[in-house]
$ cat final_17.cif   # mmCIF, C-alpha atoms
data_my_file
#
loop_
_atom_site.label_atom_id
_atom_site.label_comp_id
_atom_site.auth_asym_id
_atom_site.auth_seq_id
_atom_site.Cartn_x
_atom_site.Cartn_y
_atom_site.Cartn_z
CA MET T 1 1.66 1.18 11.28
CA THR T 2 4.47 -0.91 12.69
CA LEU T 3 4.10 -4.40 11.31
CA ALA T 4 7.18 -5.86 12.92
CA THR T 5 6.63 -9.27 14.42
CA ALA T 6 4.75 -8.76 17.67
CA LEU T 7 5.34 -10.60 20.92
CA ALA T 8 3.29 -13.74 21.19
CA GLY T 9 0.04 -13.21 23.01
CA SER T 10 -3.47 -14.52 23.17
CA ILE T 11 -5.98 -14.27 20.34
CA ASP T 12 -8.60 -11.54 20.71
CA THR T 13 -11.80 -12.66 19.02
CA GLY T 14 -12.96 -9.11 18.27
CA ASP T 15 -9.68 -8.15 16.62
CA THR T 16 -9.65 -11.43 14.72
CA ALA T 17 -13.21 -10.99 13.47
CA TRP T 18 -12.45 -7.49 12.25
CA LEU T 19 -9.25 -8.58 10.48
CA LEU T 20 -11.06 -11.49 8.81
CA ALA T 21 -13.58 -9.00 7.41
CA ALA T 22 -10.83 -6.52 6.45
CA THR T 23 -8.92 -9.24 4.61
CA ALA T 24 -11.98 -10.11 2.55
CA LEU T 25 -12.52 -6.40 1.81
CA VAL T 26 -8.97 -5.93 0.54
CA LEU T 27 -9.18 -9.05 -1.63
CA LEU T 28 -12.37 -7.62 -3.16
CA MET T 29 -10.36 -4.59 -4.25
CA THR T 30 -8.59 -6.57 -6.98
CA PRO T 31 -11.83 -7.59 -8.76
CA GLY T 32 -12.92 -3.98 -8.21
CA LEU T 33 -9.72 -2.81 -9.85
CA ALA T 34 -10.37 -5.22 -12.73
CA LEU T 35 -13.75 -3.57 -13.36
CA PHE T 36 -12.30 -0.07 -12.93
CA TYR T 37 -9.53 -0.77 -15.44
CA GLY T 38 -11.78 -2.90 -17.67
CA GLY T 39 -14.22 -0.05 -18.16
CA MET T 40 -11.42 2.36 -19.02
CA VAL T 41 -9.99 0.39 -21.95
CA ARG T 42 -11.49 -0.05 -25.39
CA THR T 43 -13.97 -2.84 -26.13
CA LYS T 44 -11.45 -5.03 -27.91
CA SER T 45 -9.23 -5.56 -24.85
CA VAL T 46 -11.55 -5.45 -21.84
CA LEU T 47 -11.33 -9.19 -21.07
CA ASN T 48 -7.56 -9.10 -21.25
CA MET T 49 -7.59 -6.26 -18.75
CA LEU T 50 -9.81 -8.22 -16.39
CA MET T 51 -7.60 -11.26 -16.75
CA MET T 52 -4.43 -9.38 -15.87
CA SER T 53 -5.91 -8.49 -12.49
CA PHE T 54 -7.49 -11.86 -11.79
CA VAL T 55 -4.40 -13.87 -12.70
CA SER T 56 -2.36 -11.66 -10.35
CA ILE T 57 -4.37 -13.08 -7.46
CA ALA T 58 -3.19 -16.59 -8.25
CA LEU T 59 0.41 -15.72 -9.13
CA VAL T 60 1.12 -13.52 -6.13
CA THR T 61 -0.55 -15.94 -3.74
CA VAL T 62 1.79 -18.76 -4.78
CA VAL T 63 4.87 -16.52 -4.47
CA TRP T 64 3.75 -15.13 -1.11
CA LEU T 65 3.10 -18.52 0.46
CA ALA T 66 6.30 -20.00 -0.93
CA ALA T 67 8.70 -17.26 0.15
CA GLY T 68 7.22 -13.76 0.13
CA TYR T 69 5.75 -13.72 3.63
CA SER T 70 8.93 -15.05 5.19
CA LEU T 71 11.16 -12.59 3.32
CA VAL T 72 9.01 -9.67 4.42
CA PHE T 73 8.20 -10.60 8.00
CA GLY T 74 10.93 -13.06 8.85
CA ASP T 75 13.82 -12.02 11.09
CA ASP T 76 15.96 -9.38 9.42
CA LEU T 77 19.19 -10.71 7.93
CA GLY T 78 21.04 -7.47 8.58
CA GLY T 79 20.86 -3.85 7.55
CA GLY T 80 17.08 -3.80 7.43
CA LEU T 81 17.04 -4.92 3.79
CA ILE T 82 15.36 -8.34 3.75
CA GLY T 83 14.03 -11.04 6.04
CA GLY T 84 15.03 -14.70 6.17
CA LEU T 85 13.41 -17.89 4.92
CA LYS T 86 12.54 -19.38 8.30
CA HIS T 87 8.85 -19.45 7.35
CA ALA T 88 9.25 -20.38 3.67
CA GLY T 89 6.22 -22.37 2.62
CA MET T 90 4.57 -21.03 5.81
CA ALA T 91 6.69 -23.47 7.82
CA GLY T 92 6.14 -23.36 11.56
CA LEU T 93 2.95 -21.31 11.33
CA GLY T 94 0.01 -23.31 12.60
CA PRO T 95 -3.41 -22.22 13.83
CA ASP T 96 -2.04 -21.48 17.30
CA ALA T 97 0.64 -19.03 16.10
CA VAL T 98 -0.22 -15.47 17.16
CA HIS T 99 0.80 -12.09 15.78
CA GLY T 100 -0.19 -9.51 18.36
CA THR T 101 -3.81 -10.40 19.10
CA VAL T 102 -4.66 -12.17 15.84
CA PRO T 103 -3.64 -15.53 14.32
CA THR T 104 -0.40 -15.27 12.38
CA LEU T 105 -1.99 -17.08 9.44
CA LEU T 106 -4.67 -14.39 9.28
CA PHE T 107 -2.09 -11.62 9.48
CA ALA T 108 -0.15 -13.29 6.66
CA THR T 109 -3.28 -13.54 4.52
CA PHE T 110 -4.16 -9.90 5.18
CA GLN T 111 -0.70 -8.86 4.01
CA LEU T 112 -1.01 -11.12 0.97
CA THR T 113 -4.01 -9.15 -0.27
CA PHE T 114 -1.85 -6.00 -0.27
CA ALA T 115 0.79 -7.70 -2.40
CA ILE T 116 -1.85 -8.92 -4.85
CA ILE T 117 -3.40 -5.56 -5.63
CA THR T 118 0.00 -3.85 -5.87
CA ALA T 119 1.01 -6.16 -8.71
CA ALA T 120 -2.38 -5.82 -10.40
CA LEU T 121 -2.15 -2.01 -10.32
CA ILE T 122 0.85 -2.04 -12.65
CA SER T 123 -1.21 -3.60 -15.44
CA GLY T 124 -3.02 -0.31 -16.01
CA ALA T 125 0.17 1.34 -17.23
CA VAL T 126 0.62 -1.17 -20.08
CA ALA T 127 -3.00 -1.88 -20.97
CA ASP T 128 -3.87 -2.89 -24.55
CA ARG T 129 -0.37 -3.97 -25.60
CA VAL T 130 1.47 -6.35 -23.25
CA ARG T 131 1.77 -10.08 -24.02
CA PHE T 132 -0.25 -12.12 -21.54
CA GLY T 133 2.42 -14.81 -21.36
CA ALA T 134 5.04 -12.20 -20.47
CA TRP T 135 2.73 -10.84 -17.77
CA LEU T 136 2.53 -14.32 -16.23
CA VAL T 137 6.31 -14.28 -15.84
CA PHE T 138 6.64 -10.62 -14.87
CA VAL T 139 4.26 -10.70 -11.88
CA PRO T 140 6.00 -13.34 -9.72
CA VAL T 141 9.48 -12.04 -10.57
CA TRP T 142 8.44 -8.48 -9.79
CA ALA T 143 6.72 -9.50 -6.55
CA LEU T 144 9.90 -11.16 -5.26
CA LEU T 145 12.41 -8.55 -6.43
CA VAL T 146 10.47 -5.32 -5.89
CA TYR T 147 7.44 -5.64 -3.62
CA VAL T 148 8.94 -8.02 -1.08
CA PRO T 149 12.08 -5.97 -0.28
CA VAL T 150 10.17 -2.68 -0.07
CA ALA T 151 7.51 -4.21 2.18
CA HIS T 152 10.26 -5.47 4.49
CA TRP T 153 11.86 -2.01 4.61
CA VAL T 154 8.58 -0.44 5.68
CA TRP T 155 6.82 -3.15 7.73
CA GLY T 156 9.24 -5.96 8.45
CA PRO T 157 11.09 -6.45 11.74
CA GLY T 158 14.15 -4.23 11.58
CA GLY T 159 13.21 -2.77 8.18
CA TRP T 160 15.43 0.24 7.57
CA ILE T 161 12.71 2.73 6.60
CA ALA T 162 10.65 2.21 9.75
CA ALA T 163 13.26 1.09 12.28
CA HIS T 164 16.26 3.20 11.24
CA LEU T 165 14.99 6.11 9.17
CA GLY T 166 11.81 6.64 11.17
CA ALA T 167 9.52 7.40 8.22
CA LEU T 168 5.81 6.70 8.77
CA ASP T 169 3.51 4.72 6.51
CA PHE T 170 0.31 3.36 8.04
CA ALA T 171 -1.19 1.29 5.24
CA GLY T 172 1.02 1.23 2.17
CA GLY T 173 1.85 4.54 0.50
CA LEU T 174 5.41 3.33 -0.06
CA PRO T 175 5.14 -0.43 -0.78
CA VAL T 176 1.80 -0.23 -2.58
CA GLU T 177 1.16 3.16 -4.18
CA ILE T 178 4.63 4.56 -4.93
CA THR T 179 6.04 1.14 -5.78
CA SER T 180 3.24 0.33 -8.24
CA GLY T 181 3.33 3.81 -9.77
CA ALA T 182 7.10 3.90 -10.26
CA SER T 183 7.04 0.34 -11.60
CA GLY T 184 4.22 1.21 -13.99
CA LEU T 185 6.25 4.13 -15.32
CA ALA T 186 9.29 1.91 -15.86
CA LEU T 187 7.32 -0.79 -17.64
CA CYS T 188 5.46 1.56 -19.96
CA LEU T 189 8.81 3.12 -20.95
CA VAL T 190 10.21 -0.32 -21.75
CA ILE T 191 7.20 -1.42 -23.77
CA GLY T 192 6.52 1.85 -25.58
CA PRO T 193 3.26 3.67 -26.39
CA ARG T 194 0.11 2.13 -27.83
CA LEU T 195 -0.47 2.30 -31.56
CA GLY T 196 -2.21 5.61 -32.17
CA PHE T 197 -1.14 7.20 -28.89
CA LYS T 198 -1.82 10.96 -29.07
CA SER T 199 -3.36 10.61 -32.54
CA GLU T 200 -6.40 8.38 -31.93
CA ALA T 201 -9.21 8.77 -29.40
CA MET T 202 -8.89 6.06 -26.73
CA ARG T 203 -11.93 6.74 -24.61
CA PRO T 204 -13.22 4.45 -21.84
CA HIS T 205 -15.68 2.02 -23.39
CA ASN T 206 -17.93 1.58 -20.32
CA LEU T 207 -18.13 4.36 -17.74
CA PRO T 208 -20.77 2.61 -15.58
CA MET T 209 -18.26 -0.23 -15.19
CA VAL T 210 -15.60 2.31 -14.17
CA VAL T 211 -17.86 3.77 -11.49
CA LEU T 212 -18.80 0.31 -10.22
CA GLY T 213 -15.13 -0.59 -9.99
CA ALA T 214 -14.34 2.64 -8.16
CA GLY T 215 -17.17 1.96 -5.72
CA LEU T 216 -15.83 -1.51 -4.97
CA LEU T 217 -12.35 -0.10 -4.51
CA TRP T 218 -13.66 2.52 -2.07
CA PHE T 219 -15.59 -0.15 -0.16
CA GLY T 220 -12.54 -2.39 0.04
CA TRP T 221 -10.30 0.51 1.03
CA PHE T 222 -11.90 0.59 4.47
CA GLY T 223 -10.43 -2.85 5.04
CA PHE T 224 -7.14 -1.72 3.51
CA ASN T 225 -6.70 1.26 5.83
CA ALA T 226 -8.77 0.58 8.94
CA GLY T 227 -7.72 -3.07 8.88
CA SER T 228 -4.10 -1.95 9.13
CA ALA T 229 -4.74 -1.08 12.78
CA LEU T 230 -4.80 -4.89 13.22
CA GLY T 231 -7.58 -4.58 15.77
CA ALA T 232 -11.12 -3.44 16.40
CA ASN T 233 -10.11 -0.27 18.19
CA GLY T 234 -10.09 3.52 18.15
CA LEU T 235 -7.20 3.75 15.70
CA ALA T 236 -9.14 1.63 13.23
CA ALA T 237 -12.14 3.93 13.66
CA ALA T 238 -10.01 7.04 13.04
CA ALA T 239 -8.41 5.48 9.96
CA PHE T 240 -11.88 4.49 8.70
CA LEU T 241 -13.21 8.04 9.01
CA ASN T 242 -10.07 9.57 7.49
CA THR T 243 -10.41 7.20 4.54
CA LEU T 244 -14.00 8.26 3.90
CA ALA T 245 -13.18 11.95 4.26
CA ALA T 246 -10.18 11.90 1.92
CA GLY T 247 -12.06 9.97 -0.75
CA CYS T 248 -14.77 12.63 -0.69
CA THR T 249 -12.45 15.63 -0.91
CA GLY T 250 -10.38 13.88 -3.59
CA LEU T 251 -13.52 13.52 -5.69
CA LEU T 252 -14.50 17.14 -5.15
CA GLY T 253 -10.99 18.44 -5.83
CA TRP T 254 -10.79 16.64 -9.16
CA LEU T 255 -14.25 17.84 -10.23
CA PHE T 256 -13.39 21.42 -9.27
CA VAL T 257 -10.32 21.36 -11.50
CA GLU T 258 -12.26 19.80 -14.37
CA GLN T 259 -15.01 22.38 -14.13
CA LYS T 260 -12.55 25.26 -14.07
CA ARG T 261 -10.22 23.86 -16.72
CA ASP T 262 -12.59 22.10 -19.11
CA GLY T 263 -16.02 23.42 -18.22
CA HIS T 264 -17.40 19.92 -17.55
CA PRO T 265 -17.26 17.75 -14.42
CA THR T 266 -17.05 14.18 -15.73
CA THR T 267 -18.01 10.76 -14.44
CA LEU T 268 -14.48 9.48 -15.08
CA GLY T 269 -13.16 12.48 -13.17
CA ALA T 270 -15.36 11.73 -10.17
CA ALA T 271 -14.22 8.10 -10.05
CA SER T 272 -10.58 9.02 -10.57
CA GLY T 273 -10.70 11.79 -7.97
CA ALA T 274 -12.12 9.49 -5.32
CA VAL T 275 -9.37 6.95 -6.04
CA ALA T 276 -6.71 9.69 -5.90
CA GLY T 277 -7.92 10.79 -2.48
CA LEU T 278 -7.95 7.21 -1.25
CA VAL T 279 -4.44 6.62 -2.58
CA ALA T 280 -3.09 9.68 -0.76
CA ILE T 281 -4.73 8.89 2.58
CA THR T 282 -3.42 5.32 2.56
CA PRO T 283 -0.03 6.13 4.12
CA SER T 284 -1.36 8.94 6.31
CA CYS T 285 -4.73 7.69 7.63
CA GLY T 286 -3.14 6.57 10.90
CA SER T 287 -1.02 9.70 11.34
CA VAL T 288 -3.20 12.74 10.60
CA SER T 289 -6.30 14.25 12.14
CA LEU T 290 -9.62 14.53 10.33
CA LEU T 291 -8.68 18.04 9.17
CA GLY T 292 -5.42 16.68 7.81
CA ALA T 293 -7.26 13.91 5.98
CA LEU T 294 -9.57 16.41 4.31
CA VAL T 295 -6.59 18.44 3.08
CA VAL T 296 -4.65 15.36 1.94
CA GLY T 297 -7.58 14.16 -0.15
CA LEU T 298 -8.27 17.59 -1.63
CA ALA T 299 -4.62 18.09 -2.57
CA ALA T 300 -4.45 14.69 -4.23
CA GLY T 301 -7.65 15.17 -6.20
CA ALA T 302 -6.53 18.54 -7.53
CA VAL T 303 -2.90 17.68 -8.28
CA CYS T 304 -3.58 14.25 -9.77
CA SER T 305 -6.16 15.72 -12.13
CA TYR T 306 -3.31 17.67 -13.70
CA ALA T 307 -0.73 14.88 -13.35
CA VAL T 308 -2.66 12.48 -15.61
CA GLY T 309 -2.00 14.85 -18.49
CA TRP T 310 1.77 14.83 -18.06
CA LYS T 311 2.05 11.70 -20.22
CA PHE T 312 1.05 13.67 -23.30
CA LYS T 313 3.67 16.33 -22.66
CA LEU T 314 6.44 13.92 -21.66
CA ASN T 315 5.51 11.24 -24.21
CA TYR T 316 5.11 8.18 -22.00
CA ASP T 317 1.97 6.13 -22.50
CA ASP T 318 0.67 5.34 -19.02
CA SER T 319 -2.55 3.90 -20.43
CA LEU T 320 -4.83 4.10 -17.38
CA ASP T 321 -3.02 6.74 -15.32
CA VAL T 322 -1.19 4.58 -12.81
CA VAL T 323 1.57 7.17 -12.66
CA GLY T 324 -0.73 10.18 -12.48
CA VAL T 325 -2.91 8.73 -9.72
CA HIS T 326 -0.96 6.13 -7.77
CA LEU T 327 2.59 7.46 -7.96
CA VAL T 328 1.67 11.12 -7.61
CA GLY T 329 -1.08 10.46 -5.06
CA GLY T 330 1.19 8.17 -3.05
CA VAL T 331 3.94 10.80 -2.98
CA ILE T 332 1.48 13.48 -1.85
CA GLY T 333 0.06 11.37 0.95
CA THR T 334 3.44 10.16 2.16
CA LEU T 335 5.03 13.61 2.19
CA LEU T 336 2.08 15.32 3.87
CA ILE T 337 2.55 13.09 6.90
CA GLY T 338 5.55 15.33 7.55
CA VAL T 339 3.20 18.32 7.55
CA PHE T 340 0.01 17.09 9.24
CA ALA T 341 1.07 14.26 11.58
CA VAL T 342 -0.32 14.62 15.11
CA THR T 343 0.86 12.95 18.29
CA SER T 344 -2.64 11.79 19.18
CA MET T 345 -2.49 9.52 16.11
CA THR T 346 1.21 8.63 15.85
CA GLY T 347 1.98 8.33 19.55
CA GLY T 348 5.07 10.50 19.06
CA PRO T 349 6.17 12.14 15.80
CA GLU T 350 4.57 15.44 14.79
CA GLY T 351 4.36 17.23 11.48
CA LEU T 352 5.54 20.69 10.55
CA LEU T 353 2.22 22.40 11.30
CA TYR T 354 2.06 20.89 14.77
CA GLY T 355 5.50 21.92 16.02
CA GLY T 356 7.52 19.00 14.70
CA GLY T 357 9.75 21.07 12.44
CA LEU T 358 11.15 19.73 9.20
CA ALA T 359 12.60 16.52 10.59
CA GLN T 360 9.67 14.22 9.86
CA LEU T 361 9.11 15.76 6.44
CA GLY T 362 12.76 15.06 5.64
CA ARG T 363 12.38 11.42 6.67
CA GLN T 364 9.32 11.04 4.50
CA LEU T 365 11.13 12.58 1.53
CA VAL T 366 14.09 10.20 1.86
CA ALA T 367 11.71 7.22 1.97
CA VAL T 368 9.80 8.43 -1.11
CA VAL T 369 12.98 8.94 -3.17
CA ALA T 370 14.53 5.63 -2.09
CA VAL T 371 11.44 3.52 -2.75
CA GLY T 372 10.56 5.27 -6.01
CA ALA T 373 14.08 4.96 -7.38
CA TYR T 374 14.45 1.31 -6.35
CA ALA T 375 11.09 0.27 -7.79
CA PHE T 376 11.70 2.13 -11.06
CA LEU T 377 15.22 0.84 -11.66
CA VAL T 378 14.59 -2.80 -10.75
CA THR T 379 11.33 -2.92 -12.72
CA TYR T 380 13.03 -1.35 -15.72
CA GLY T 381 15.70 -4.04 -15.52
CA ILE T 382 13.14 -6.83 -15.23
CA GLY T 383 11.20 -5.42 -18.16
CA LYS T 384 14.27 -5.11 -20.38
CA LEU T 385 15.37 -8.67 -19.57
CA LEU T 386 11.95 -10.16 -20.27
CA ASP T 387 11.63 -8.16 -23.45
CA ARG T 388 14.97 -9.52 -24.65
CA VAL T 389 14.23 -13.12 -23.63
CA MET T 390 10.58 -13.55 -24.60
CA GLY T 391 9.22 -10.23 -25.81
CA LEU T 392 6.88 -8.04 -23.77
CA ARG T 393 4.96 -6.32 -26.51
CA ALA T 394 2.07 -7.89 -28.39
CA SER T 395 2.42 -7.86 -32.16
CA GLU T 396 0.99 -4.98 -34.18
CA GLU T 397 -1.64 -7.30 -35.63
CA GLU T 398 -2.70 -8.51 -32.16
CA GLU T 399 -2.88 -4.97 -30.83
CA ARG T 400 -4.98 -3.72 -33.72
CA THR T 401 -7.37 -6.67 -33.60
CA GLY T 402 -7.59 -6.61 -29.82
CA LEU T 403 -6.09 -8.86 -27.18
CA ASP T 404 -9.43 -10.37 -26.19
CA LEU T 405 -9.79 -12.21 -29.47
CA THR T 406 -6.14 -12.86 -30.31
CA VAL T 407 -5.05 -14.00 -26.83
CA HIS T 408 -8.17 -15.36 -25.13
CA ALA T 409 -10.35 -16.28 -28.15
CA GLU T 410 -13.26 -14.43 -26.55
CA THR T 411 -15.10 -11.14 -26.85
CA ALA T 412 -16.69 -9.16 -24.04
CA TYR T 413 -19.75 -8.21 -26.08
CA ASP T 414 -21.53 -10.27 -28.74
CA HIS T 415 -22.50 -7.81 -31.48
CA GLY T 416 -23.27 -10.48 -34.04
CA VAL T 417 -20.43 -9.71 -36.45
CA LEU T 418 -16.70 -9.31 -36.29
CA GLY T 419 -14.17 -7.86 -38.67
CA HIS T 420 -15.40 -7.92 -42.27
CA GLY T 421 -18.79 -9.37 -41.46
CA ALA T 422 -17.63 -12.77 -40.18
CA PRO T 423 -20.39 -14.27 -38.01
CA VAL T 424 -19.74 -14.65 -34.30
CA SER T 425 -19.94 -18.20 -32.98
CA SER T 426 -19.76 -19.51 -29.46
CA SER T 427 -17.13 -21.94 -30.73
CA VAL T 428 -13.63 -20.96 -29.68
CA PRO T 429 -11.97 -22.41 -32.83
CA SER T 430 -14.21 -20.34 -35.09
CA LEU T 431 -13.31 -17.23 -33.12
CA GLN T 432 -9.65 -18.02 -33.62
CA LYS T 433 -10.14 -18.13 -37.39
CA VAL T 434 -10.93 -14.43 -37.56
CA THR T 435 -8.01 -13.21 -35.47
CA SER T 436 -6.09 -12.17 -38.57
CA GLN T 437 -8.75 -9.71 -39.63
CA PRO T 438 -8.00 -6.03 -38.87
#
$ encode --input "final_17.cif" --output "structure tokens"
Amino acid sequence: MTLATALAGSIDTGDTAWLLAATALVLLMTPGLALFYGGMVRTKSVLNMLMMSFVSIALVTVVWLAAGYSLVFGDDLGGGLIGGLKHAGMAGLGPDAVHGTVPTLLFATFQLTFAIITAALISGAVADRVRFGAWLVFVPVWALLVYVPVAHWVWGPGGWIAAHLGALDFAGGLPVEITSGASGLALCLVIGPRLGFKSEAMRPHNLPMVVLGAGLLWFGWFGFNAGSALGANGLAAAAFLNTLAAGCTGLLGWLFVEQKRDGHPTTLGAASGAVAGLVAITPSCGSVSLLGALVVGLAAGAVCSYAVGWKFKLNYDDSLDVVGVHLVGGVIGTLLIGVFAVTSMTGGPEGLLYGGGLAQLGRQLVAVVAVGAYAFLVTYGIGKLLDRVMGLRASEEEERTGLDLTVHAETAYDHGVLGHGAPVSSSVPSLQKVTSQP
């Protein structure tokens, strides 16, 4: 997808109606992610996990409207690295402004929903142990310093990855999936592993919630990918079908590996496999044929099912597998464009299997390395600075008790007793009194 500023034209009501619906679908993905992540953590921190996603909606929206949109889609300042501040505060963008065939304000809102979920994704890598106050600072700083530049490189007018390198990314493999995955890896290295990592069982506390969250993510992903066509057209239909197909083969690929490796196909595996397939098809849904989409999803489901175990061998605590699913899946989907891209979808570039040689694969590889390295290094720097200034890690006492009670003075489930038999009350002050109990 080329998201450079389009020539002014007239508003098409069909395209606008579809993009309105797609925008709502993508926004729904963040609450879906909250449920997906919330079900995967332990009972004592589920509300904190939900809050980290929900508060990202508010934080990123403020940053995007203030400066983010302009820096991504404003006129390039030179070198394809960043846009200007002409539209800071959405200045000059009224209801009559048009981007292609849709209102510019709608286009800006659609892009905002991408920025929101990218920031929220990172929270899964540091679940159970990050200070909520530090997260409130990290998200807007990260959005401005990491997401905004990468989004300009890929989608902005004159962005170097699209305009100069010629790498393809239809709906966000680079700025969303690889950026969030590499950033998650950096942040979990800064903050360190959870107490009991590799020695205590940390099973998902609510698998039905995980499946519900995955279903909402899948539903919203149609807006994410098909909406990126920016119109109600054949390309949107092809991206829609490719998204469905890759989600299905991702699910099947993960279950196949589980059955062969462990002897049991799991519910968590089915949900994770579907998400892995959807992650991988995100950059490629507008570049590959249906056959290519099936292979992309299958490859992601199989490979990511192994990748989530790397954290135990390499000793980094990516709590909810942001690295194993989003980074690895994003890399797979972005690179396979160089193998399966077809002219009927791209309008030009072809992949290796369709006579395009290694050129496009090389471009995709350069983009993957550049974005992954930038996101990792800058996020690592942000994390180190915040840790030094205000502390990123919750205290040992808070982590053992659970962040729901110690941070939010709430519990997700009322079991009647807490700690050493202290009665549960609906009164927030009385909840706070038992936060010191192990």
$ residues_around --input "final_17.cif" --residues "Ala270 (chain T)" --least-positions-apart "5" --cutoff "8 Å" --atoms "all atoms listed in the file" --output "VMD selection string"
chain T and resid 251 to 252 254 to 255 265
$ closest_residue --input "final_17.cif" --among "T:Ala302, T:Val102, T:Cys285, T:Ala171" --to "Asp12 (chain T)" --atoms "all atoms listed in the file"
T:Val102
$ resolve_selection --input "final_17.cif" --expression "the PyMOL selection byres ((chain T and resi 216) around 8)" --output "count of residues only"
12
$ residues_near_point --input "final_17.cif" --point "(-7.2, -11.7, -24.1)" --cutoff "8 Å" --atoms "only C-alpha atoms" --output "ChimeraX atom specification"
/T:45-49,51,132,402-410
$ resolve_selection --input "final_17.cif" --expression "the PyMOL selection byres ((chain T and resi 144-147) around 7)" --output "list in words"
Gly68, Pro140, Val141, Trp142, Ala143, Val148, Pro149, Val150, Ala151, Pro175, Ala375 and Val378 of chain T
$ residues_around --input "final_17.cif" --residues "region 134-139 of chain T" --least-positions-apart "5" --cutoff "8 Å" --atoms "all atoms listed in the file" --output "ChimeraX atom specification"
/T:52,55-56,59-60,119,382-383,386,390-392
$ closest_residue --input "final_17.cif" --among "T:Leu174, T:Pro157, T:Glu350, T:Val210" --to "Gly333 (chain T)" --atoms "all atoms listed in the file"
T:Leu174
$ atom_distance --input "final_17.cif" --atom1 "CA of Thr101 (chain T)" --atom2 "CA of Ile11 (chain T)"
4.6 Å
$ closest_residue --input "final_17.cif" --among "T:Phe312, T:Val63, T:Thr13, T:Ile116" --to "Ser199 (chain T)" --atoms "only C-alpha atoms"
T:Phe312
$ closest_residue --input "final_17.cif" --among "T:Ala280, T:Gly83, T:Leu195, T:Met202" --to "His152 (chain T)" --atoms "only C-alpha atoms"
T:Gly83
